[in-house]
$ cat work.csv   # CSV, C-alpha atoms
chain,number,residue,atom,x,y,z
Z,140,MET,CA,122.4,26.9,-10.0
Z,141,THR,CA,124.8,26.5,-7.1
Z,142,TRP,CA,125.0,28.0,-3.6
Z,143,ASP,CA,128.5,28.5,-2.2
Z,144,GLY,CA,129.7,26.0,-4.8
Z,145,LEU,CA,127.1,23.4,-3.8
Z,146,ASP,CA,124.5,22.1,-6.2
Z,147,GLU,CA,121.1,20.7,-5.0
Z,148,ALA,CA,122.6,17.3,-4.2
Z,149,GLY,CA,125.4,18.9,-2.3
Z,150,VAL,CA,123.0,21.0,-0.2
Z,151,ARG,CA,120.9,17.9,0.6
Z,152,ALA,CA,124.0,16.0,1.7
Z,153,LEU,CA,125.2,18.9,3.8
Z,154,THR,CA,121.9,19.5,5.6
Z,155,GLY,CA,119.9,16.3,5.4
Z,156,ALA,CA,116.9,18.1,3.8
Z,157,PRO,CA,114.9,15.8,1.6
Z,158,ARG,CA,114.6,18.4,-1.1
Z,159,ALA,CA,116.5,21.7,-1.8
Z,160,TRP,CA,115.6,24.5,-4.2
Z,161,LEU,CA,118.5,26.8,-5.0
Z,162,LEU,CA,117.6,30.2,-6.3
Z,163,ASP,CA,119.5,33.2,-7.4
Z,164,ALA,CA,117.4,36.4,-6.7
Z,165,VAL,CA,113.8,36.1,-5.6
Z,166,PRO,CA,111.4,38.5,-4.0
Z,167,SER,CA,111.0,36.2,-0.9
Z,168,VAL,CA,111.9,32.6,-0.1
Z,169,LEU,CA,108.7,32.4,1.9
Z,170,ASP,CA,106.6,32.9,-1.2
Z,171,VAL,CA,108.5,30.1,-3.1
Z,172,ALA,CA,108.0,27.8,-0.1
Z,173,HIS,CA,104.3,28.4,-0.1
Z,174,GLU,CA,104.1,27.7,-3.8
Z,175,LEU,CA,106.0,24.5,-3.5
Z,176,ALA,CA,103.8,23.4,-0.5
Z,177,ALA,CA,100.6,24.0,-2.5
Z,178,ASP,CA,102.1,21.7,-5.2
Z,179,GLY,CA,102.6,19.0,-2.6
Z,180,ALA,CA,106.2,19.4,-1.6
Z,181,PRO,CA,107.1,17.3,1.5
Z,182,SER,CA,108.0,18.5,5.0
Z,183,GLY,CA,111.6,19.5,5.2
Z,184,THR,CA,111.8,21.0,1.7
Z,185,LEU,CA,114.5,23.7,1.8
Z,186,VAL,CA,114.4,26.9,-0.2
Z,187,LEU,CA,117.7,28.8,-0.3
Z,188,ALA,CA,118.4,32.0,-2.2
Z,189,GLU,CA,121.5,34.1,-2.9
Z,190,GLU,CA,119.5,37.3,-2.6
Z,191,GLN,CA,116.0,38.5,-1.6
Z,192,THR,CA,114.7,41.6,-3.2
Z,193,GLU,CA,111.6,41.9,-1.0
Z,194,GLY,CA,112.5,39.9,2.1
Z,195,ARG,CA,110.0,40.4,4.9
Z,196,GLY,CA,110.0,40.3,8.7
Z,197,ARG,CA,107.4,40.7,11.4
Z,198,SER,CA,104.7,43.3,11.2
Z,199,GLY,CA,105.4,44.1,7.5
Z,200,ARG,CA,109.0,45.1,8.1
Z,201,SER,CA,111.4,44.6,5.3
Z,202,TRP,CA,114.5,42.3,5.7
Z,203,HIS,CA,117.6,43.4,3.9
Z,204,SER,CA,119.1,40.3,2.1
Z,205,PRO,CA,122.0,41.3,0.0
Z,206,ARG,CA,123.6,38.9,-2.4
Z,207,GLY,CA,126.1,36.4,-1.0
Z,208,THR,CA,126.3,37.8,2.5
Z,209,GLY,CA,123.9,35.6,4.5
Z,210,ILE,CA,121.6,32.7,4.7
Z,211,TRP,CA,118.2,33.5,3.2
Z,212,MET,CA,116.1,30.4,3.6
Z,213,ALA,CA,112.7,29.0,4.1
Z,214,LEU,CA,111.9,25.5,5.5
Z,215,LEU,CA,108.5,23.8,4.8
Z,216,MET,CA,106.9,22.2,7.8
Z,217,ARG,CA,103.7,20.0,8.0
Z,218,PRO,CA,102.9,19.6,11.7
Z,219,LYS,CA,100.3,16.9,12.6
Z,220,GLU,CA,98.8,19.4,15.0
Z,221,PRO,CA,98.8,23.3,14.9
Z,222,PRO,CA,101.5,24.7,17.2
Z,223,LEU,CA,100.1,26.5,20.2
Z,224,GLY,CA,100.4,30.3,19.9
Z,225,GLY,CA,103.9,31.3,19.2
Z,226,ALA,CA,105.6,28.1,20.3
Z,227,LEU,CA,106.9,27.2,16.9
Z,228,GLY,CA,108.7,30.5,16.5
Z,229,ILE,CA,110.3,30.1,19.9
Z,230,ARG,CA,111.5,26.6,18.9
Z,231,VAL,CA,113.0,27.8,15.7
Z,232,GLY,CA,114.8,30.6,17.5
Z,233,LEU,CA,116.2,28.2,20.1
Z,234,ALA,CA,117.4,25.9,17.3
Z,235,LEU,CA,119.3,28.7,15.6
Z,236,VAL,CA,120.9,29.9,18.8
Z,237,GLY,CA,121.8,26.3,19.8
Z,238,ALA,CA,123.3,25.6,16.4
Z,239,LEU,CA,125.5,28.7,16.5
Z,240,ARG,CA,126.6,28.1,20.1
Z,241,GLU,CA,127.5,24.5,19.1
Z,242,ARG,CA,129.5,25.7,16.2
Z,243,GLN,CA,131.5,28.3,18.1
Z,244,ARG,CA,131.2,28.4,21.9
Z,245,VAL,CA,132.8,31.8,22.1
Z,246,LEU,CA,130.2,33.3,19.9
Z,247,PRO,CA,128.1,35.5,22.2
Z,248,VAL,CA,124.7,34.7,20.7
Z,249,ALA,CA,121.4,35.1,22.5
Z,250,LEU,CA,117.7,35.1,21.7
Z,251,LYS,CA,115.5,38.2,21.9
Z,252,TRP,CA,111.9,37.2,22.4
Z,253,PRO,CA,110.3,35.7,20.4
Z,254,ASN,CA,112.9,34.7,17.8
Z,255,ASP,CA,115.5,37.3,17.0
Z,256,VAL,CA,119.2,36.1,17.0
Z,257,VAL,CA,121.2,38.8,18.9
Z,258,VAL,CA,125.0,39.2,19.1
Z,259,GLN,CA,126.5,42.0,21.2
Z,260,GLY,CA,123.1,43.6,21.6
Z,261,ARG,CA,122.4,43.8,17.8
Z,262,LYS,CA,120.2,41.7,15.6
Z,263,ALA,CA,122.1,39.1,13.5
Z,264,GLY,CA,119.1,37.0,12.4
Z,265,GLY,CA,115.4,36.6,12.6
Z,266,VAL,CA,112.5,34.2,12.0
Z,267,LEU,CA,109.1,34.6,10.4
Z,268,CYS,CA,106.7,31.6,10.5
Z,269,GLU,CA,103.7,31.8,8.2
Z,270,ALA,CA,100.9,29.2,8.3
Z,271,ARG,CA,98.5,28.4,5.5
Z,272,TRP,CA,95.1,26.8,6.3
Z,273,LEU,CA,93.0,24.5,4.1
Z,274,GLY,CA,89.5,25.4,5.5
Z,275,PRO,CA,89.6,24.4,9.2
Z,276,ARG,CA,92.8,22.3,8.8
Z,277,LEU,CA,96.4,23.5,9.0
Z,278,GLY,CA,97.9,22.9,5.6
Z,279,TRP,CA,101.5,23.8,6.2
Z,280,ILE,CA,103.9,26.3,7.8
Z,281,ALA,CA,106.8,28.0,6.1
Z,282,ALA,CA,109.6,29.1,8.4
Z,283,GLY,CA,111.5,31.9,6.9
Z,284,ILE,CA,115.0,32.5,8.4
Z,285,GLY,CA,117.5,35.2,7.7
Z,286,LEU,CA,121.0,35.2,9.2
Z,287,ASN,CA,123.6,37.9,8.5
Z,288,VAL,CA,126.8,35.8,8.2
Z,289,ARG,CA,129.1,38.2,6.5
Z,290,GLY,CA,129.2,41.9,6.6
Z,291,PRO,CA,129.0,44.7,6.1
Z,292,VAL,CA,125.3,45.0,6.8
Z,293,ASP,CA,123.1,47.4,5.0
Z,294,GLU,CA,123.8,51.0,6.1
Z,295,ARG,CA,120.1,51.6,6.8
Z,296,VAL,CA,120.2,49.1,9.7
Z,297,ARG,CA,123.8,49.3,10.7
Z,298,ASP,CA,123.0,50.8,14.1
Z,299,THR,CA,120.8,47.9,15.1
Z,300,ALA,CA,122.1,45.0,13.1
Z,301,MET,CA,125.3,43.1,12.6
Z,302,ALA,CA,126.8,40.1,10.9
Z,303,LEU,CA,128.0,37.0,12.7
Z,304,ASP,CA,131.5,37.3,11.3
Z,305,VAL,CA,132.1,40.5,13.4
Z,306,ALA,CA,132.1,38.2,16.4
Z,307,ASP,CA,133.7,35.2,14.6
Z,308,GLU,CA,135.5,36.0,11.4
Z,309,THR,CA,136.1,32.3,10.7
Z,310,LEU,CA,132.4,31.5,10.3
Z,311,THR,CA,131.2,30.5,6.9
Z,312,ARG,CA,127.8,30.2,5.3
Z,313,ARG,CA,128.3,26.5,4.7
Z,314,GLU,CA,129.1,25.8,8.3
Z,315,VAL,CA,126.1,27.8,9.6
Z,316,LEU,CA,123.7,26.0,7.1
Z,317,ALA,CA,125.1,22.6,8.1
Z,318,ALA,CA,124.6,23.4,11.8
Z,319,VAL,CA,121.1,25.0,11.5
Z,320,VAL,CA,119.1,22.9,9.1
Z,321,PRO,CA,119.4,19.5,10.8
Z,322,ARG,CA,118.1,21.0,14.1
Z,323,LEU,CA,115.0,22.3,12.2
Z,324,LEU,CA,114.0,19.1,10.3
Z,325,THR,CA,112.2,17.5,13.3
Z,326,ILE,CA,110.6,20.5,14.8
Z,327,ASP,CA,107.2,19.9,13.2
Z,328,GLN,CA,107.1,16.5,14.9
Z,329,GLN,CA,107.1,18.0,18.3
Z,330,PRO,CA,104.1,18.6,20.5
Z,331,PRO,CA,102.1,21.8,20.0
Z,332,ALA,CA,103.1,23.4,23.3
Z,333,LEU,CA,106.6,24.2,24.6
Z,334,SER,CA,107.9,21.8,27.2
Z,335,PRO,CA,109.1,23.0,30.6
Z,336,GLU,CA,112.7,22.2,29.5
Z,337,GLU,CA,112.3,24.4,26.4
Z,338,ARG,CA,110.9,27.3,28.5
Z,339,VAL,CA,113.8,27.0,30.9
Z,340,LEU,CA,116.3,26.9,28.0
Z,341,PHE,CA,114.8,30.1,26.5
Z,342,LEU,CA,115.1,31.9,29.8
Z,343,ARG,CA,118.8,30.9,30.0
Z,344,ARG,CA,119.5,32.2,26.5
Z,345,GLN,CA,117.4,35.3,26.4
Z,346,PHE,CA,118.5,38.8,25.6
Z,347,VAL,CA,116.4,41.5,27.3
Z,348,PRO,CA,116.8,45.0,25.9
Z,349,PRO,CA,117.3,47.8,28.5
Z,350,GLY,CA,114.0,49.2,29.8
Z,351,SER,CA,111.9,46.2,28.8
Z,352,GLY,CA,111.1,45.1,32.4
Z,353,THR,CA,112.1,41.9,34.1
Z,354,VAL,CA,111.4,38.7,32.4
Z,355,VAL,CA,109.8,36.3,35.0
Z,356,GLY,CA,108.7,33.5,32.8
Z,357,LEU,CA,107.7,32.0,29.4
Z,358,GLU,CA,104.4,30.2,29.0
Z,359,ALA,CA,103.7,27.0,27.0
Z,360,ASP,CA,102.3,29.0,24.1
Z,361,GLY,CA,105.3,31.2,23.9
Z,362,ALA,CA,103.8,34.2,25.7
Z,363,LEU,CA,106.4,36.2,27.6
Z,364,LEU,CA,105.8,37.2,31.3
Z,365,LEU,CA,107.2,40.6,32.2
Z,366,GLN,CA,107.3,42.3,35.6
Z,367,ARG,CA,107.2,46.1,35.2
Z,368,ALA,CA,108.9,48.6,37.5
Z,369,ASN,CA,105.6,49.3,39.3
Z,370,GLY,CA,105.2,45.6,40.1
Z,371,SER,CA,102.5,44.8,37.5
Z,372,LEU,CA,102.7,41.7,35.5
Z,373,GLU,CA,102.3,41.7,31.7
Z,374,ARG,CA,101.6,38.7,29.5
Z,375,ARG,CA,103.0,39.7,26.1
Z,376,THR,CA,102.0,37.7,23.0
Z,377,ILE,CA,103.0,40.3,20.3
Z,378,PRO,CA,106.4,41.9,20.0
Z,379,GLU,CA,106.6,45.7,20.5

$ encode --input "work.csv" --output "structure tokens"
Amino acid sequence: MTWDGLDEAGVRALTGAPRAWLLDAVPSVLDVAHELAADGAPSGTLVLAEEQTEGRGRSGRSWHSPRGTGIWMALLMRPKEPPLGGALGIRVGLALVGALRERQRVLPVALKWPNDVVVQGRKAGGVLCEARWLGPRLGWIAAGIGLNVRGPVDERVRDTAMALDVADETLTRREVLAAVVPRLLTIDQQPPALSPEERVLFLRRQFVPPGSGTVVGLEADGALLLQRANGSLERRTIPE
């Protein structure tokens, strides 16, 4: 099995991941990551598929993952301490946006709270972090990531989604993978709460949909602080 012409060793060399599982079509890369974790796979294990037939997003939503068009991956993390609230999802989102901005500074990429990658007002990628507990102890976290690199996107989501190559036609899946994964490999070694620097960085890179209110802050656990038109302050922990 190869991915964009790379075998497992090639993907490891490209990304720095200690282990890489390359798959053709699977229901969900997250499910594979959880199975590998239960068998003792190390932190940093990368699961990469050409296609997902039952990809999932937040709140039970489906994620369209057609063959060969994007990056459908899951990364296994084993933090020493459980992340605080939604801090991990924010960190992963920031890593994705940072990697894409580094690769192509003209790419107008932003982060919609908590961890959607947005280009030109439409969703180009997303993150879903799933934890598994062993009794009272955190066993592991699988971070599922979907990035639409090449279009066209599925007609069912065309009004709200887009592929990165619409904004930058030179972008390739290999380049995106090489930029993204190294930024993710050390996330599980960071403190449970977001640092003040991370919170400021989020506020600089955020995308706020019209009518959502005014974002006035981000808390250490990843909660969003919104000021409504009537002056009231809302602490949001769950996306609408």

$ atom_distance --input "work.csv" --atom1 "atom CA of Arg206 of chain Z" --atom2 "atom CA of Arg230 of chain Z"
27.4 Å

$ closest_residue --input "work.csv" --among "Z:Met140, Z:Leu161, Z:Gly283, Z:Ala332" --to "Ala270 of chain Z" --atoms "only C-alpha atoms"
Z:Gly283

$ residues_near_point --input "work.csv" --point "(113.3, 44.2, 29.3)" --cutoff "12 Å" --atoms "all atoms listed in the file" --output "PDB file with C-alpha atoms, in the coordinates of the input"
ATOM      1  CA  LYS Z 251     115.500  38.200  21.900  1.00  0.00           C
ATOM      2  CA  TRP Z 252     111.900  37.200  22.400  1.00  0.00           C
ATOM      3  CA  GLN Z 345     117.400  35.300  26.400  1.00  0.00           C
ATOM      4  CA  PHE Z 346     118.500  38.800  25.600  1.00  0.00           C
ATOM      5  CA  VAL Z 347     116.400  41.500  27.300  1.00  0.00           C
ATOM      6  CA  PRO Z 348     116.800  45.000  25.900  1.00  0.00           C
ATOM      7  CA  PRO Z 349     117.300  47.800  28.500  1.00  0.00           C
ATOM      8  CA  GLY Z 350     114.000  49.200  29.800  1.00  0.00           C
ATOM      9  CA  SER Z 351     111.900  46.200  28.800  1.00  0.00           C
ATOM     10  CA  GLY Z 352     111.100  45.100  32.400  1.00  0.00           C
ATOM     11  CA  THR Z 353     112.100  41.900  34.100  1.00  0.00           C
ATOM     12  CA  VAL Z 354     111.400  38.700  32.400  1.00  0.00           C
ATOM     13  CA  VAL Z 355     109.800  36.300  35.000  1.00  0.00           C
ATOM     14  CA  LEU Z 363     106.400  36.200  27.600  1.00  0.00           C
ATOM     15  CA  LEU Z 364     105.800  37.200  31.300  1.00  0.00           C
ATOM     16  CA  LEU Z 365     107.200  40.600  32.200  1.00  0.00           C
ATOM     17  CA  GLN Z 366     107.300  42.300  35.600  1.00  0.00           C
ATOM     18  CA  ARG Z 367     107.200  46.100  35.200  1.00  0.00           C
ATOM     19  CA  ALA Z 368     108.900  48.600  37.500  1.00  0.00           C
ATOM     20  CA  GLU Z 373     102.300  41.700  31.700  1.00  0.00           C
ATOM     21  CA  ARG Z 375     103.000  39.700  26.100  1.00  0.00           C
ATOM     22  CA  PRO Z 378     106.400  41.900  20.000  1.00  0.00           C
ATOM     23  CA  GLU Z 379     106.600  45.700  20.500  1.00  0.00           C
TER      24      GLU Z 379
END

$ residues_around --input "work.csv" --residues "Val150 of chain Z" --least-positions-apart "3" --cutoff "10 Å" --atoms "all atoms listed in the file" --output "PyMOL selection string"
chain Z and resi 141-147+153-161+185+187+313+316-317

$ closest_atom_pairs --input "work.csv" --of "segment 288-337 of chain Z" --to "segment 231-246 of chain Z" --cutoff "12 Å" --atoms "only C-alpha atoms" --output "tab-separated table"
residue	atom	partner	partner_atom	distance
Z:Val288	CA	Z:Leu239	CA	11.0
Z:Ala302	CA	Z:Leu246	CA	11.8
Z:Leu303	CA	Z:Leu246	CA	8.4
Z:Asp304	CA	Z:Leu246	CA	9.6
Z:Val305	CA	Z:Leu246	CA	9.9
Z:Ala306	CA	Z:Leu246	CA	6.3
Z:Asp307	CA	Z:Leu246	CA	6.6
Z:Glu308	CA	Z:Leu246	CA	10.4
Z:Thr309	CA	Z:Gln243	CA	9.6
Z:Leu310	CA	Z:Gln243	CA	8.5
Z:Thr311	CA	Z:Arg242	CA	10.6
Z:Arg312	CA	Z:Leu239	CA	11.5
Z:Arg313	CA	Z:Arg242	CA	11.6
Z:Glu314	CA	Z:Arg242	CA	7.9
Z:Val315	CA	Z:Leu239	CA	7.0
Z:Leu316	CA	Z:Ala238	CA	9.3
Z:Ala317	CA	Z:Ala238	CA	9.0
Z:Ala318	CA	Z:Ala238	CA	5.3
Z:Val319	CA	Z:Ala238	CA	5.4
Z:Val320	CA	Z:Leu235	CA	8.7
Z:Pro321	CA	Z:Ala238	CA	9.2
Z:Arg322	CA	Z:Ala234	CA	5.9
Z:Leu323	CA	Z:Ala234	CA	6.7
Z:Leu324	CA	Z:Val231	CA	10.3
Z:Thr325	CA	Z:Val231	CA	10.6
Z:Ile326	CA	Z:Val231	CA	7.7
Z:Asp327	CA	Z:Val231	CA	10.1
Z:Gln329	CA	Z:Val231	CA	11.7
Z:Leu333	CA	Z:Leu233	CA	11.3
Z:Glu336	CA	Z:Leu233	CA	11.7
Z:Glu337	CA	Z:Leu233	CA	8.3

$ closest_residue --input "work.csv" --among "Z:Thr376, Z:Gly274, Z:Glu358, Z:Pro218" --to "Pro335 of chain Z" --atoms "only C-alpha atoms"
Z:Glu358

$ closest_residue --input "work.csv" --among "Z:Lys262, Z:Asp178, Z:Gly278, Z:Asn254" --to "Val296 of chain Z" --atoms "all atoms listed in the file"
Z:Lys262

$ closest_residue --input "work.csv" --among "Z:Pro222, Z:Pro253, Z:Pro205, Z:Pro330" --to "Asn287 of chain Z" --atoms "only C-alpha atoms"
Z:Pro205

$ closest_residue --input "work.csv" --among "Z:Val248, Z:Gly228, Z:Met301, Z:Leu223" --to "Arg261 of chain Z" --atoms "only C-alpha atoms"
Z:Met301

$ residues_near_point --input "work.csv" --point "(122.6, 37.6, 9.4)" --cutoff "9 Å" --atoms "all atoms listed in the file" --output "list in words"
Ser204, Thr208, Gly209, Ile210, Trp211, Val256, Lys262, Ala263, Gly264, Gly265, Gly285, Leu286, Asn287, Val288, Arg289, Gly290, Val292, Ala300, Met301, Ala302 and Leu303 of chain Z

$ atom_distance --input "work.csv" --atom1 "atom CA of Glu190 of chain Z" --atom2 "atom CA of Leu215 of chain Z"
18.9 Å

$ closest_residue --input "work.csv" --among "Z:Arg271, Z:Arg217, Z:Arg295, Z:Arg151" --to "Leu169 of chain Z" --atoms "all atoms listed in the file"
Z:Arg271

$ atom_distance --input "work.csv" --atom1 "atom CA of Ala172 of chain Z" --atom2 "atom CA of Trp279 of chain Z"
9.9 Å

$ residues_around --input "work.csv" --residues "Asp170 of chain Z" --least-positions-apart "6" --cutoff "10 Å" --atoms "only C-alpha atoms" --output "PyMOL selection string"
chain Z and resi 176+186+194+213+269+281+283

$ residues_around --input "work.csv" --residues "Pro221 of chain Z" --least-positions-apart "3" --cutoff "9 Å" --atoms "all atoms listed in the file" --output "count of residues only"
5

$ build_atoms --input "work.csv" --residues "segment 300-335 of chain Z" --atoms "N, CA and C atoms" --output "short mmCIF file (atom, residue, chain, number, x, y, z; two decimals), in the frame of the given file"
data_model
loop_
_atom_site.label_atom_id
_atom_site.label_comp_id
_atom_site.auth_asym_id
_atom_site.auth_seq_id
_atom_site.Cartn_x
_atom_site.Cartn_y
_atom_site.Cartn_z
N ALA Z 300 121.80 46.31 13.61
CA ALA Z 300 122.10 45.00 13.10
C ALA Z 300 123.56 44.75 12.93
N MET Z 301 123.93 43.48 12.85
CA MET Z 301 125.30 43.10 12.60
C MET Z 301 125.41 41.78 11.97
N ALA Z 302 126.59 41.44 11.48
CA ALA Z 302 126.80 40.10 10.90
C ALA Z 302 127.61 39.27 11.87
N LEU Z 303 127.40 37.97 11.77
CA LEU Z 303 128.00 37.00 12.70
C LEU Z 303 129.55 37.07 12.61
N ASP Z 304 130.09 37.38 11.43
CA ASP Z 304 131.50 37.30 11.30
C ASP Z 304 132.25 38.46 12.03
N VAL Z 305 131.50 39.45 12.52
CA VAL Z 305 132.10 40.50 13.40
C VAL Z 305 132.57 39.85 14.68
N ALA Z 306 131.78 38.89 15.17
CA ALA Z 306 132.10 38.20 16.40
C ALA Z 306 133.02 36.99 16.17
N ASP Z 307 132.91 36.40 14.98
CA ASP Z 307 133.70 35.20 14.60
C ASP Z 307 134.02 35.25 13.16
N GLU Z 308 135.18 35.76 12.82
CA GLU Z 308 135.50 36.00 11.40
C GLU Z 308 135.79 34.67 10.67
N THR Z 309 135.89 33.55 11.37
CA THR Z 309 136.10 32.30 10.70
C THR Z 309 134.81 31.61 10.24
N LEU Z 310 133.68 32.14 10.65
CA LEU Z 310 132.40 31.50 10.30
C LEU Z 310 132.09 31.61 8.84
N THR Z 311 131.59 30.52 8.27
CA THR Z 311 131.20 30.50 6.90
C THR Z 311 129.75 30.17 6.70
N ARG Z 312 129.19 30.49 5.56
CA ARG Z 312 127.80 30.20 5.30
C ARG Z 312 127.53 28.70 5.30
N ARG Z 313 128.42 27.94 4.73
CA ARG Z 313 128.30 26.50 4.70
C ARG Z 313 128.17 25.91 6.11
N GLU Z 314 129.08 26.35 6.97
CA GLU Z 314 129.10 25.80 8.30
C GLU Z 314 127.81 26.17 9.07
N VAL Z 315 127.33 27.39 8.89
CA VAL Z 315 126.10 27.80 9.60
C VAL Z 315 124.92 26.97 9.04
N LEU Z 316 124.83 26.80 7.73
CA LEU Z 316 123.70 26.00 7.10
C LEU Z 316 123.76 24.59 7.64
N ALA Z 317 124.95 23.99 7.68
CA ALA Z 317 125.10 22.60 8.10
C ALA Z 317 124.71 22.44 9.59
N ALA Z 318 124.92 23.47 10.39
CA ALA Z 318 124.60 23.40 11.80
C ALA Z 318 123.10 23.62 12.05
N VAL Z 319 122.51 24.53 11.27
CA VAL Z 319 121.10 25.00 11.50
C VAL Z 319 120.08 24.00 11.03
N VAL Z 320 120.16 23.62 9.75
CA VAL Z 320 119.10 22.90 9.10
C VAL Z 320 118.74 21.56 9.82
N PRO Z 321 119.73 20.72 10.17
CA PRO Z 321 119.40 19.50 10.80
C PRO Z 321 118.58 19.65 12.12
N ARG Z 322 118.83 20.74 12.84
CA ARG Z 322 118.10 21.00 14.10
C ARG Z 322 116.63 21.38 13.78
N LEU Z 323 116.36 21.83 12.57
CA LEU Z 323 115.00 22.30 12.20
C LEU Z 323 114.13 21.18 11.64
N LEU Z 324 114.74 20.12 11.14
CA LEU Z 324 114.00 19.10 10.30
C LEU Z 324 112.98 18.34 11.15
N THR Z 325 113.14 18.25 12.45
CA THR Z 325 112.20 17.50 13.30
C THR Z 325 111.29 18.33 14.12
N ILE Z 326 111.39 19.65 13.97
CA ILE Z 326 110.60 20.50 14.80
C ILE Z 326 109.09 20.30 14.63
N ASP Z 327 108.67 20.03 13.39
CA ASP Z 327 107.20 19.90 13.20
C ASP Z 327 106.68 18.56 13.71
N GLN Z 328 107.54 17.70 14.23
CA GLN Z 328 107.10 16.50 14.90
C GLN Z 328 106.91 16.60 16.36
N GLN Z 329 107.22 17.78 16.90
CA GLN Z 329 107.10 18.00 18.30
C GLN Z 329 105.74 18.39 18.77
N PRO Z 330 105.41 18.26 20.06
CA PRO Z 330 104.10 18.60 20.50
C PRO Z 330 103.74 20.09 20.29
N PRO Z 331 102.46 20.44 20.30
CA PRO Z 331 102.10 21.80 20.00
C PRO Z 331 102.58 22.85 21.00
N ALA Z 332 102.71 22.45 22.28
CA ALA Z 332 103.10 23.40 23.30
C ALA Z 332 104.59 23.22 23.67
N LEU Z 333 105.18 24.30 24.17
CA LEU Z 333 106.60 24.20 24.60
C LEU Z 333 106.65 23.41 25.90
N SER Z 334 107.70 22.61 26.00
CA SER Z 334 107.90 21.80 27.20
C SER Z 334 108.53 22.68 28.29
N PRO Z 335 108.45 22.24 29.55
CA PRO Z 335 109.10 23.00 30.60
C PRO Z 335 110.62 23.15 30.35
#
